[in-house]
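Enquirer: Got a structure here, written out as structure tokens. Questions coming.
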Amino acid sequence: MATISENSSYLLALENGSDLIPTTLSANKVQFAAALGTGFNEPAAKLPLGTVLAIEVLYNSGITAAQKDVYDGTLTPLAAQTAIVATANTWITNNNAPAA
């Protein structure tokens, strides 16, 4: 285990308490692992005309509700896709205003 943990650029993805957790990680890898465990990088791309983050389209497209309805069998995948695209297009139209 020490050979893998010290001679690879990859961090091992192991559960806490696992017998396989190496005991010889370098200080750099411990710090790197801690950063990966607590960080969250949200995409920073913006809509073309404004300052609204493009990821907001996903958050406001109704995709989660559509996935639930497809899973529950109350909506076909094609109907869900159509609804998501329509909702996303409407949201983009309403929120992609030029920056002031």
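Naming scheme: A, B, ... for chains in displayed order of the structure tokens; residues 1 onward per chain; ligands 1 onward as shown.
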Which neighbours of Ile84 of chain A fall inside 12 Å, counting only C-alpha atoms, when residues of the same chain fewer than 4 positions from it are skipped, and could you give them as a PDB file with C-alpha atoms, in the first residue's frame?
Expert:
ATOM      1  CA  VAL A  57     -30.018  27.138 -16.273  1.00  0.00           C
ATOM      2  CA  LEU A  58     -29.616  23.613 -14.924  1.00  0.00           C
ATOM      3  CA  TYR A  59     -30.824  24.608 -11.477  1.00  0.00           C
ATOM      4  CA  ASN A  60     -33.925  26.283 -12.927  1.00  0.00           C
ATOM      5  CA  SER A  61     -34.805  23.920 -15.786  1.00  0.00           C
ATOM      6  CA  GLY A  62     -37.003  21.548 -13.824  1.00  0.00           C
ATOM      7  CA  ILE A  63     -34.689  18.649 -14.548  1.00  0.00           C
ATOM      8  CA  THR A  64     -34.973  17.104 -11.080  1.00  0.00           C
ATOM      9  CA  ALA A  65     -38.765  17.079 -11.149  1.00  0.00           C
ATOM     10  CA  ALA A  66     -38.707  15.650 -14.677  1.00  0.00           C
ATOM     11  CA  GLN A  67     -36.318  12.879 -13.651  1.00  0.00           C
ATOM     12  CA  ASP A  69     -41.648  11.890 -13.046  1.00  0.00           C
ATOM     13  CA  LEU A  75     -43.841  11.126 -17.829  1.00  0.00           C
ATOM     14  CA  PRO A  77     -38.413  10.421 -21.359  1.00  0.00           C
ATOM     15  CA  LEU A  78     -39.269  12.306 -24.558  1.00  0.00           C
ATOM     16  CA  ALA A  79     -41.959  14.384 -22.817  1.00  0.00           C
ATOM     17  CA  ALA A  80     -39.538  15.112 -19.960  1.00  0.00           C
ATOM     18  CA  ALA A  88     -34.624  26.098 -19.927  1.00  0.00           C
ATOM     19  CA  ASN A  89     -35.220  28.167 -23.069  1.00  0.00           C
ATOM     20  CA  THR A  90     -37.796  30.308 -21.290  1.00  0.00           C
ATOM     21  CA  TRP A  91     -35.473  30.780 -18.315  1.00  0.00           C
TER      22      TRP A  91
END
Enquirer: Find the spatial neighbours of Glu42 of chain A, counting only C-alpha atoms, within a cut-off of 12 Å - ignore same-chain residues fewer than 2 positions away - and output them as a count of residues only.
Expert: 11
Enquirer: Report the distance between atom CA of Val52 of chain A and atom CA of Thr93 of chain A in Å, rounded to one decimal place.
Expert: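 About the pair atom CA of Val52 of chain A and atom CA of Thr93 of chain A: they are 11.9 Å apart.
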Enquirer: Near Ala97 of chain A, counting only C-alpha atoms, which residues have an atom at most 8 Å away, once you skip same-chain residues fewer than 2 positions from it, shown as number ranges by chain?
Expert: A: 49-50, 93-95, 99
Enquirer: Please write the residues from the selection above to a file, keeping C-alpha atoms, as a PDB file, in the first residue's frame.
Expert:
ATOM      1  CA  LEU A  49     -25.171  38.546 -22.691  1.00  0.00           C
ATOM      2  CA  GLY A  50     -25.102  38.927 -18.949  1.00  0.00           C
ATOM      3  CA  THR A  93     -34.761  34.235 -22.481  1.00  0.00           C
ATOM      4  CA  ASN A  94     -35.863  35.853 -19.224  1.00  0.00           C
ATOM      5  CA  ASN A  95     -32.445  35.900 -17.560  1.00  0.00           C
ATOM      6  CA  ALA A  99     -24.916  43.372 -18.201  1.00  0.00           C
TER       7      ALA A  99
END
